[in-house]
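See below for query_5.cif, which holds mmCIF, C-alpha atoms.
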data_input
#
loop_
_atom_site.label_atom_id
_atom_site.label_comp_id
_atom_site.auth_asym_id
_atom_site.auth_seq_id
_atom_site.Cartn_x
_atom_site.Cartn_y
_atom_site.Cartn_z
CA MET O 1 114.98 73.21 92.37
CA GLU O 2 111.66 74.64 93.30
CA ARG O 3 111.53 77.95 95.11
CA THR O 4 109.46 78.90 98.11
CA HIS O 5 108.81 82.40 99.42
CA ARG O 6 106.87 83.48 102.45
CA LEU O 7 104.58 86.40 101.69
CA GLU O 8 105.88 89.16 103.93
CA LEU O 9 102.52 90.85 104.14
CA PHE O 10 100.73 87.55 104.82
CA PRO O 11 103.19 85.54 106.85
CA ASP O 12 100.76 82.65 107.20
CA ARG O 13 101.12 81.96 103.48
CA SER O 14 104.01 80.74 101.44
CA VAL O 15 104.29 80.53 97.68
CA THR O 16 106.11 77.68 95.95
CA LEU O 17 107.06 77.73 92.29
CA LEU O 18 107.87 74.65 90.23
CA LEU O 19 109.08 74.88 86.67
CA PHE O 20 108.87 72.11 84.08
CA GLN O 21 110.24 71.81 80.55
CA HIS O 22 109.66 69.33 77.72
CA VAL O 23 106.16 68.79 79.01
CA LYS O 24 104.13 66.27 77.00
CA ASN O 25 100.83 66.26 78.85
CA ALA O 26 99.85 69.92 79.09
CA ALA O 27 96.30 69.15 78.01
CA ALA O 28 95.85 66.54 80.74
CA LEU O 29 97.42 68.84 83.32
CA ARG O 30 95.10 71.64 82.38
CA LYS O 31 92.13 69.33 82.81
CA LYS O 32 93.40 68.19 86.20
CA ALA O 33 93.82 71.79 87.32
CA MET O 34 90.29 72.66 86.21
CA GLU O 35 88.90 69.60 87.99
CA GLY O 36 90.87 70.47 91.09
CA SER O 37 92.95 67.29 91.21
CA ILE O 38 96.06 69.41 90.96
CA ASP O 39 95.73 72.08 93.60
CA GLY O 40 97.79 74.84 92.07
CA ALA O 41 97.91 77.52 89.38
CA LEU O 42 99.24 76.30 86.06
CA ILE O 43 100.89 79.16 84.27
CA ASN O 44 102.48 79.64 80.89
CA PRO O 45 106.12 80.52 81.71
CA ALA O 46 106.53 82.37 78.40
CA MET O 47 104.54 85.24 79.94
CA ILE O 48 106.60 85.40 83.12
CA VAL O 49 109.63 87.63 83.30
CA ASP O 50 110.71 86.91 86.85
CA PRO O 51 109.41 84.97 89.87
CA PHE O 52 108.73 88.34 91.50
CA GLN O 53 105.91 88.82 88.99
CA ILE O 54 104.26 85.70 90.42
CA LEU O 55 104.76 86.93 93.97
CA VAL O 56 103.07 90.24 93.19
CA ALA O 57 100.12 88.36 91.68
CA ALA O 58 99.96 85.93 94.58
CA ASN O 59 100.18 88.76 97.11
CA LYS O 60 97.26 90.54 95.50
CA ALA O 61 95.22 87.35 95.15
CA VAL O 62 95.74 86.38 98.81
CA HIS O 63 94.83 89.92 99.90
CA LEU O 64 91.62 89.86 97.87
CA GLN O 65 90.75 86.39 99.13
CA LYS O 66 91.16 87.53 102.72
CA ILE O 67 88.83 90.48 102.27
CA GLY O 68 86.38 88.47 100.18
CA LYS O 69 86.85 90.60 97.09
CA MET O 70 88.24 88.14 94.54
CA LYS O 71 86.98 88.61 91.02
CA THR O 72 87.33 84.90 90.25
CA ARG O 73 86.16 81.87 92.17
CA THR O 74 89.37 80.36 93.48
CA LEU O 75 92.67 81.65 94.77
CA TYR O 76 94.56 80.00 91.91
CA ALA O 77 92.24 81.49 89.32
CA GLU O 78 92.74 84.85 91.01
CA ILE O 79 96.52 84.53 90.76
CA ILE O 80 96.27 83.95 87.02
CA PHE O 81 93.83 86.85 86.71
CA SER O 82 96.13 89.14 88.71
CA LEU O 83 98.93 88.51 86.25
CA SER O 84 96.89 89.96 83.44
CA PRO O 85 96.94 93.68 82.64
CA SER O 86 93.34 93.47 81.54
CA ASN O 87 90.15 93.04 83.52
CA ASN O 88 88.82 90.30 81.25
CA ILE O 89 88.96 87.03 83.14
CA SER O 90 88.74 84.59 80.22
CA ASP O 91 91.36 86.55 78.35
CA ALA O 92 93.67 86.23 81.36
CA PHE O 93 93.25 82.48 81.36
CA LYS O 94 93.86 82.24 77.65
CA LYS O 95 97.05 84.25 77.77
CA PHE O 96 98.53 83.33 81.15
CA GLY O 97 97.15 79.90 81.81
CA VAL O 98 98.58 76.79 80.31
CA SER O 99 97.20 75.73 76.93
CA ASP O 100 97.06 72.24 75.52
CA SER O 101 99.99 72.72 73.17
CA ASP O 102 102.40 74.20 75.74
CA THR O 103 105.65 72.38 76.42
CA ALA O 104 106.63 74.31 79.52
CA VAL O 105 104.59 74.77 82.66
CA LEU O 106 105.04 76.85 85.78
CA ILE O 107 103.11 75.52 88.75
CA VAL O 108 102.34 77.90 91.61
CA LEU O 109 101.25 76.61 95.00
CA VAL O 110 100.08 78.70 97.93
CA VAL O 111 100.34 76.96 101.23
CA GLU O 112 98.80 78.04 104.50
CA GLY O 113 100.76 78.02 107.71
CA ASP O 114 102.75 74.90 108.39
CA LYS O 115 100.82 72.67 106.06
CA THR O 116 103.05 70.47 104.00
CA VAL O 117 102.51 69.86 100.35
CA ASN O 118 103.70 66.76 98.63
CA LEU O 119 105.75 68.37 95.91
CA ALA O 120 106.93 65.01 94.61
CA ASP O 121 103.32 64.01 94.12
CA ILE O 122 102.63 67.07 92.03
CA ALA O 123 105.85 66.74 90.07
CA SER O 124 105.07 63.11 89.28
CA GLN O 125 101.91 64.11 87.48
CA VAL O 126 103.85 66.20 85.01
CA GLU O 127 105.24 64.31 82.03
CA GLY O 128 108.23 66.53 81.74
CA GLN O 129 111.50 67.55 83.31
CA GLN O 130 111.52 69.69 86.41
CA VAL O 131 114.12 72.42 86.13
CA SER O 132 115.41 75.20 88.35
CA LEU O 133 113.66 78.59 88.34
CA ASP O 134 116.97 79.92 87.04
CA GLU O 135 115.90 78.56 83.68
CA LEU O 136 112.87 80.85 83.57
CA PRO O 137 114.51 83.66 81.57
CA GLN O 138 115.19 81.13 78.80
CA LEU O 139 111.50 80.39 78.58
CA THR O 140 110.26 83.97 78.62
CA ASP O 141 108.89 85.26 75.34
CA THR O 142 109.95 88.87 75.81
CA ALA O 143 108.27 90.11 72.66
CA LYS O 144 104.98 88.54 73.67
CA VAL O 145 105.23 90.00 77.17
CA LYS O 146 105.92 93.49 75.82
CA LYS O 147 102.96 93.20 73.49
CA MET O 148 100.66 91.87 76.19
CA TYR O 149 101.53 94.57 78.70
CA LYS O 150 101.89 97.25 76.00
CA VAL O 151 105.39 98.23 77.03
CA THR O 152 106.78 101.06 74.90
CA PRO O 153 110.41 101.44 73.80
CA GLN O 154 110.41 104.69 75.76
CA GLU O 155 109.74 102.80 78.97
CA GLU O 156 112.50 100.35 78.31
CA LYS O 157 114.99 103.18 78.60
CA ILE O 158 113.69 104.09 82.02
CA GLY O 159 113.16 100.83 83.83
CA THR O 160 113.26 97.08 83.48
CA LEU O 161 110.58 95.06 81.76
CA LEU O 162 109.69 93.64 85.16
CA ASP O 163 109.07 97.18 86.45
CA SER O 164 106.63 97.92 83.62
CA VAL O 165 104.86 94.61 84.08
CA VAL O 166 104.48 94.97 87.86
CA CYS O 167 103.18 98.54 87.56
CA ARG O 168 100.44 97.46 85.21
CA MET O 169 99.51 94.47 87.36
CA SER O 170 99.29 96.45 90.56
CA THR O 171 97.30 99.39 89.25
CA LYS O 172 95.04 97.79 86.67
CA ASP O 173 91.93 98.25 88.75
CA VAL O 174 92.54 101.94 89.21
CA LEU O 175 90.54 103.49 86.36
CA MET H 1 106.60 105.12 106.11
CA ARG H 2 107.88 101.66 106.77
CA GLY H 3 110.33 99.55 104.88
CA LEU H 4 109.05 96.15 103.93
CA LEU H 5 110.63 93.31 102.13
CA LEU H 6 108.29 91.89 99.51
CA SER H 7 110.87 89.45 98.33
CA PRO H 8 114.62 89.14 98.63
CA GLY H 9 116.16 92.08 96.87
CA ARG H 10 112.91 94.01 96.51
CA ASP H 11 112.37 96.53 99.26
CA ALA H 12 109.08 98.32 99.41
CA LEU H 13 107.98 101.45 101.15
CA LEU H 14 104.54 101.54 102.62
CA PHE H 15 102.56 104.72 102.30
CA GLN H 16 99.42 105.05 104.26
CA SER H 17 97.19 107.65 102.77
CA ALA H 18 93.57 108.25 102.14
CA PRO H 19 92.41 107.55 99.64
CA ALA H 20 94.84 105.09 98.17
CA ALA H 21 92.82 104.97 95.03
CA GLU H 22 93.50 108.59 94.22
CA LEU H 23 97.14 108.32 94.99
CA ALA H 24 97.44 105.19 92.93
CA LEU H 25 95.48 106.97 90.24
CA GLY H 26 97.93 109.84 90.43
CA LEU H 27 100.76 107.37 90.19
CA SER H 28 99.21 105.31 87.47
CA GLN H 29 98.29 108.41 85.51
CA SER H 30 101.66 109.86 86.03
CA VAL H 31 103.59 106.73 85.72
CA PHE H 32 102.14 104.97 82.85
CA ASP H 33 98.62 105.30 81.69
CA ARG H 34 97.18 108.35 80.10
CA ARG H 35 93.76 107.88 78.72
CA GLY H 36 91.41 110.75 78.29
CA SER H 37 87.71 110.44 78.96
CA PRO H 38 85.99 107.84 76.74
CA GLN H 39 84.81 110.63 74.43
CA GLU H 40 88.30 111.99 74.06
CA GLY H 41 89.59 108.52 73.42
CA LEU H 42 87.12 108.10 70.57
CA LEU H 43 87.49 111.51 69.00
CA GLY H 44 91.13 112.02 69.78
CA ALA H 45 91.38 115.18 71.85
CA PRO H 46 93.70 117.69 70.20
CA GLY H 47 97.28 116.89 70.99
CA HIS H 48 96.44 113.58 72.68
CA SER H 49 96.95 110.22 71.05
CA LYS H 50 94.37 107.61 71.85
CA GLY H 51 95.08 105.21 74.67
CA TRP H 52 98.86 105.36 74.58
CA ILE H 53 100.96 104.36 77.48
CA THR H 54 103.86 106.34 78.68
CA ARG H 55 106.24 106.28 81.52
CA ILE H 56 108.46 108.65 83.41
CA PRO H 57 110.95 107.53 86.00
CA ALA H 58 109.06 106.94 89.21
CA PRO H 59 109.00 104.17 91.81
CA VAL H 60 107.31 100.94 90.79
CA VAL H 61 103.93 100.33 92.40
CA TYR H 62 103.95 96.86 93.89
CA PHE H 63 100.60 96.65 95.61
CA VAL H 64 97.61 98.84 96.36
CA ASP H 65 95.50 98.00 99.38
CA TYR H 66 92.20 99.84 99.14
CA VAL H 67 91.06 98.56 102.52
CA THR H 68 93.78 100.19 104.58
CA ASN H 69 94.51 102.84 101.96
CA SER H 70 98.09 101.73 101.64
CA ILE H 71 100.37 101.74 98.69
CA TYR H 72 103.49 99.67 98.52
CA LEU H 73 106.06 101.36 96.36
CA GLU H 74 109.53 100.44 95.29
CA ASP H 75 112.08 101.64 97.79
CA ILE H 76 114.95 102.95 95.74
CA VAL H 77 117.68 101.69 97.97
CA ASP H 78 120.73 103.83 98.55
CA SER H 79 119.26 106.70 96.61
CA ILE H 80 119.71 110.24 97.80
CA THR H 81 117.52 113.22 97.17
CA VAL H 82 118.77 115.86 94.80
CA GLN H 83 118.42 118.16 97.78
CA ASP H 84 120.94 116.22 99.83
CA HIS H 85 123.18 115.83 96.83
CA ILE H 86 123.33 119.58 96.24
CA TYR H 87 124.00 120.18 99.93
CA SER H 88 126.91 117.79 99.98
CA VAL H 89 128.41 119.04 96.73
CA GLN H 90 128.23 122.64 97.88
CA LYS H 91 129.59 121.74 101.30
CA SER H 92 132.57 119.89 99.95
CA GLY H 93 133.27 122.94 97.83
CA ASN H 94 133.96 120.70 94.89
CA ASP H 95 132.68 120.39 91.46
CA THR H 96 129.89 122.67 90.47
CA SER H 97 130.18 121.59 86.88
CA GLY H 98 128.56 118.35 88.01
CA LEU H 99 125.66 120.37 89.35
CA HIS H 100 125.31 122.04 85.98
CA LYS H 101 124.98 118.65 84.30
CA LEU H 102 122.49 117.60 86.96
CA ALA H 103 120.42 120.71 86.30
CA GLU H 104 120.35 119.88 82.59
CA LYS H 105 119.17 116.36 83.32
CA MET H 106 116.46 117.75 85.57
CA GLY H 107 115.35 120.15 82.87
CA GLU H 108 115.16 117.33 80.33
CA LEU H 109 113.18 115.10 82.69
CA LEU H 110 110.68 117.83 83.56
CA ALA H 111 110.28 118.68 79.88
CA ARG H 112 109.44 115.04 79.11
CA MET H 113 107.04 114.93 82.03
CA HIS H 114 105.27 118.11 80.98
CA ASP H 115 105.15 116.96 77.37
CA GLU H 116 103.07 114.06 78.67
CA ASP H 117 100.84 116.68 80.31
CA ILE H 118 101.75 115.39 83.74
CA ILE H 119 101.88 118.10 86.38
CA HIS H 120 103.81 116.96 89.44
CA GLY H 121 102.27 119.52 91.77
CA ASP H 122 104.99 119.49 94.39
CA LEU H 123 108.31 119.87 92.65
CA THR H 124 111.13 120.28 95.11
CA THR H 125 114.65 118.95 95.18
CA ALA H 126 113.49 116.60 97.93
CA ASN H 127 111.07 114.94 95.49
CA LEU H 128 113.77 114.04 93.03
CA LEU H 129 115.96 111.07 93.79
CA LEU H 130 119.27 110.03 92.34
CA ARG H 131 119.70 106.31 91.89
CA PRO H 132 123.14 104.98 92.67
CA PRO H 133 125.71 105.37 91.29
CA MET H 134 125.33 109.14 91.62
CA GLU H 135 127.58 109.91 88.67
CA LYS H 136 125.04 108.43 86.30
CA LEU H 137 122.60 111.22 87.17
CA ASP H 138 119.78 108.71 87.00
CA LEU H 139 116.81 110.73 88.28
CA VAL H 140 113.57 109.41 89.75
CA LEU H 141 110.51 111.51 90.53
CA ILE H 142 108.65 110.72 93.72
CA ASP H 143 105.63 111.86 95.69
CA PHE H 144 102.89 112.28 93.14
CA GLY H 145 100.28 112.98 95.78
CA LEU H 146 99.43 116.37 94.30
CA SER H 147 99.86 115.46 90.68
CA PHE H 148 97.27 115.83 87.95
CA ILE H 149 96.95 115.84 84.19
CA SER H 150 96.90 119.15 82.35
CA GLY H 151 97.97 120.52 79.00
CA LEU H 152 97.77 124.11 80.14
CA PRO H 153 101.01 126.11 79.97
CA GLU H 154 99.82 127.91 83.09
CA ASP H 155 99.83 124.69 85.12
CA LYS H 156 103.23 123.72 83.77
CA GLY H 157 104.57 127.19 84.44
CA VAL H 158 103.35 127.04 88.02
CA ASP H 159 104.90 123.58 88.37
CA LEU H 160 108.27 125.07 87.42
CA TYR H 161 107.71 128.12 89.59
CA VAL H 162 107.19 125.92 92.64
CA LEU H 163 110.51 124.26 91.90
CA GLU H 164 112.22 127.60 91.40
CA LYS H 165 111.00 128.86 94.74
CA ALA H 166 112.09 125.64 96.35
CA PHE H 167 115.54 126.13 94.86
CA ILE H 168 115.78 129.71 96.07
CA SER H 169 114.67 128.92 99.58
CA THR H 170 116.61 125.70 100.01
CA HIS H 171 119.76 126.14 97.97
CA PRO H 172 121.62 129.44 98.03
CA ASP H 173 123.76 130.38 95.03
CA THR H 174 121.96 128.13 92.59
CA GLU H 175 120.57 130.71 90.18
CA THR H 176 122.84 129.54 87.39
CA MET H 177 121.81 125.98 88.12
CA PHE H 178 118.15 126.78 87.69
CA GLN H 179 118.92 128.73 84.55
CA ALA H 180 120.66 125.68 83.12
CA LEU H 181 117.60 123.63 84.08
CA LEU H 182 115.28 125.97 82.21
CA LYS H 183 117.56 126.04 79.20
CA ALA H 184 117.55 122.25 78.98
CA TYR H 185 113.79 122.26 79.53
CA ALA H 186 113.30 124.66 76.66
CA ALA H 187 115.60 122.68 74.42
CA THR H 188 113.85 119.38 75.17
CA SER H 189 110.22 120.38 75.04
CA LYS H 190 108.64 121.63 71.86
CA LYS H 191 105.84 123.11 73.89
CA SER H 192 108.13 125.05 76.18
CA GLY H 193 107.61 128.52 74.71
CA PRO H 194 104.21 129.22 76.24
CA VAL H 195 105.24 127.49 79.44
CA ILE H 196 108.26 129.72 79.99
CA LYS H 197 106.09 132.70 79.17
CA LYS H 198 103.61 131.66 81.84
CA LEU H 199 106.47 131.08 84.24
CA ASP H 200 107.57 134.68 83.70
CA GLU H 201 104.04 135.88 84.31
CA VAL H 202 103.74 133.84 87.50
CA ARG H 203 107.08 135.16 88.70
CA LEU H 204 105.85 138.68 88.18
CA ARG H 205 102.65 137.97 90.05
CA GLY H 206 104.65 136.53 92.90
CA ARG H 207 106.91 139.54 93.04
CA LYS H 208 104.04 141.99 93.02
CA ARG H 209 102.46 140.15 95.93
CA SER H 210 105.57 140.25 98.03
CA MET H 211 106.06 143.91 97.15
CA ILE H 212 102.68 144.89 98.43
CA GLY H 213 102.90 142.49 101.33
#
When written as structure tokens, how does the structure in this file appear?
Amino acid sequence: MERTHRLELFPDRSVTLLLFQHVKNAAALRKKAMEGSIDGALINPAMIVDPFQILVAANKAVHLQKIGKMKTRTLYAEIIFSLSPSNNISDAFKKFGVSDSDTAVLIVLVVEGDKTVNLADIASQVEGQQVSLDELPQLTDTAKVKKMYKVTPQEEKIGTLLDSVVCRMSTKDVL
Amino acid sequence: MRGLLLSPGRDALLFQSAPAAELALGLSQSVFDRRGSPQEGLLGAPGHSKGWITRIPAPVVYFVDYVTNSIYLEDIVDSITVQDHIYSVQKSGNDTSGLHKLAEKMGELLARMHDEDIIHGDLTTANLLLRPPMEKLDLVLIDFGLSFISGLPEDKGVDLYVLEKAFISTHPDTETMFQALLKAYAATSKKSGPVIKKLDEVRLRGRKRSMIG
């Protein structure tokens, strides 16, 4: 049900995504993530169009971590920040992180080398139903995403929403 | 250039260039973000809306690495350049009406690009790709390394002149094609009048130079 990708540019890292619906303890989860007892990025799936969007963010975050140029303090915070089209860190957390009232959560884990992660352990902390990443499109709030990334109707004729989103993510620190 | 798989189904091309920031800037300016200087943004420079985002068909930027000056761009798989397409159509002796339609699409695309005040800087038929399936005439602009922002008809005229010369030198018997391109350009862009005028002037300048040698 979960999905794991190796980062092609950083083969010593792999990214695992877990998606949960009907979540009842988002507030507790958020606290755990902030305290570090869940070692992962907790993301609001409504803002995610496609798992590739997460991979682009993770790729950038890992790159910046490796060269010591992260804007935030942890890799997982950096992933959330990289998703945002703006350079305001707290805004990124507000919009892309999980909030207390959310009922769906996307958990992103980045694992080094051959380290194993106890996925069952993480899943057991979520009071909700783990579902396949195939369900993600159902959870995406397309209107919210378009507003957040300022996607114009003109652009929609030229490329996919994912294209527009990725472009803004990857070039936001240019100018 | 190297092909790289960023994720199943998403091929990327790696461009190594210095500096990546400028190229990414060129791409980001060309591809989606046109903001003037802060002063312009506040006052609203004539003809420019404040802080609006636009987009013309170009490869998606996946990742910019400022350390190695590399840019990872979408690899438009199974695309062919307009250059190769024209070659193969002319070689097969087939349908030149298709080329006429292609020229119109090119004219429309360039008009939209110039209306955004984006100057490509290196317009050739090798810098225009056709996404499959070819019949859709789905065009993508690539290689924005020399691109810049300008509202000047002169810059737009020169942009078109570069393409015209590229046509003449690369594709024999395509005068009517380029004419169709210009016609579609003029029909699509409301600012085309002065641009075509400048194009004529630039053509004249070019001719004079080659006359004198």
I need the chain O residues near chain H as a short mmCIF file (atom, residue, chain, number, x, y, z; two decimals) with C-alpha atoms, keeping the file's coordinate frame; criterion: at most 9 Å, counting all atoms listed in the file.
data_model
loop_
_atom_site.label_atom_id
_atom_site.label_comp_id
_atom_site.auth_asym_id
_atom_site.auth_seq_id
_atom_site.Cartn_x
_atom_site.Cartn_y
_atom_site.Cartn_z
CA HIS O 5 108.81 82.40 99.42
CA ARG O 6 106.87 83.48 102.45
CA LEU O 7 104.58 86.40 101.69
CA GLU O 8 105.88 89.16 103.93
CA LEU O 9 102.52 90.85 104.14
CA PHE O 52 108.73 88.34 91.50
CA LEU O 55 104.76 86.93 93.97
CA VAL O 56 103.07 90.24 93.19
CA ASN O 59 100.18 88.76 97.11
CA LYS O 60 97.26 90.54 95.50
CA HIS O 63 94.83 89.92 99.90
CA ILE O 67 88.83 90.48 102.27
CA LYS O 150 101.89 97.25 76.00
CA VAL O 151 105.39 98.23 77.03
CA THR O 152 106.78 101.06 74.90
CA GLN O 154 110.41 104.69 75.76
CA GLU O 155 109.74 102.80 78.97
CA ILE O 158 113.69 104.09 82.02
CA GLY O 159 113.16 100.83 83.83
CA ASP O 163 109.07 97.18 86.45
CA SER O 164 106.63 97.92 83.62
CA VAL O 166 104.48 94.97 87.86
CA CYS O 167 103.18 98.54 87.56
CA ARG O 168 100.44 97.46 85.21
CA MET O 169 99.51 94.47 87.36
CA SER O 170 99.29 96.45 90.56
CA THR O 171 97.30 99.39 89.25
CA LYS O 172 95.04 97.79 86.67
CA VAL O 174 92.54 101.94 89.21
CA LEU O 175 90.54 103.49 86.36
#
Distance in Å - CA of Gly193 in chain H versus CA of Phe178 in chain H: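 Distance between the two atoms: 16.8 Å.
Residues within 7 Å of Thr125 in chain H, counting only C-alpha atoms and excluding same-chain residues fewer than 4 positions away, are Thr81, Val82 and Gln83 of chain H.
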Might I get the box with edges along x, y and z of the file that holds all atoms of range 128-146 of chain O listed there, padded by 8 Å on every side, given as centre and edge lengths in Å to one decimal, as AutoDock Vina command-line options?
--center_x 111.0 --center_y 80.0 --center_z 80.5 --size_x 28.0 --size_y 43.0 --size_z 31.7
Expansion of the PyMOL selection byres ((chain O and resi 30) around 12) into residues, as a PyMOL selection string: chain O and resi 23-29+31-44+93-94+97-102+105-107+125-126
Going by the chain IDs and residue numbers used in this file, which residues fall under the PyMOL selection byres ((chain H and resi 133) around 12)? Write them as a compact mmCIF listing (two decimals) with C-alpha atoms, in the coordinates of the input.
# COMPACT_ATOMS: atom_id res chain seq x y z
CA ILE H 76 114.95 102.95 95.74
CA VAL H 77 117.68 101.69 97.97
CA ASP H 78 120.73 103.83 98.55
CA SER H 79 119.26 106.70 96.61
CA ILE H 80 119.71 110.24 97.80
CA LEU H 129 115.96 111.07 93.79
CA LEU H 130 119.27 110.03 92.34
CA ARG H 131 119.70 106.31 91.89
CA PRO H 132 123.14 104.98 92.67
CA MET H 134 125.33 109.14 91.62
CA GLU H 135 127.58 109.91 88.67
CA LYS H 136 125.04 108.43 86.30
CA LEU H 137 122.60 111.22 87.17
CA ASP H 138 119.78 108.71 87.00
CA LEU H 139 116.81 110.73 88.28
message: Just the number, please: distance in Å from CA of Asn118 in chain O to CA of Leu19 in chain O, one decimal.
response: 15.4 Å
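Going from CA of Ile80 in chain O to CA of Ala58 in chain O covers 8.6 Å.
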Long-range neighbours of Glu2 in chain O as a VMD selection string, 8 Å cut-off, all atoms listed in the file, 3 positions minimum in chain: chain O and resid 16 to 19 131 to 133
For Val49 in chain O, the nearest of the candidates O:Ala104, O:Leu64, O:Ala123, O:Leu83, counting only C-alpha atoms: O:Leu83
field: the PyMOL selection byres ((chain H and resi 119) around 9) applied to the shown file, residues as number ranges by chain
entry: H: 30, 113-114, 116-118, 120-122, 144, 146-151, 155-156, 159
- line: Among O:Gly113, O:Pro137, O:Pro11, O:Pro85, Ala57 in chain O is approached most closely, using only C-alpha atoms, by O:Pro85
Glu112 in chain O environment, 8 Å, all atoms listed in the file, sequence neighbours closer than 5 positions dropped, as a list of chain:residue names: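 Non-adjacent residues within range: O:Asp12, O:Arg13, O:Ser14.
If you count only C-alpha atoms and ignore residues fewer than 3 places along the chain from Val145 in chain O, what sits within 9 Å of it is Ala46, Met47, Ile48, Val49, Thr140, Asp141, Thr142, Met148, Tyr149, Lys150, Val151, Leu161 and Val165 of chain O.
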- prompt: Which protein, DNA or RNA residues have an atom at most 7 Å from (105.1, 132.3, 91.3), counting only C-alpha atoms? List them as a PyMOL selection string.
  reply: chain H and resi 158+161-162+202-203+205-206
message: Can you tell me which residues surround Thr188 in chain H at a distance of at most 12 Å, considering all atoms listed in the file, apart from same-chain residues fewer than 5 positions away, and format the answer as a list in words?
response: Glu104, Lys105, Met106, Gly107, Glu108, Leu109, Leu110, Ala111, Arg112, Met113, His114, Asp115, Leu181, Leu182, Lys183 and Gly193 of chain H
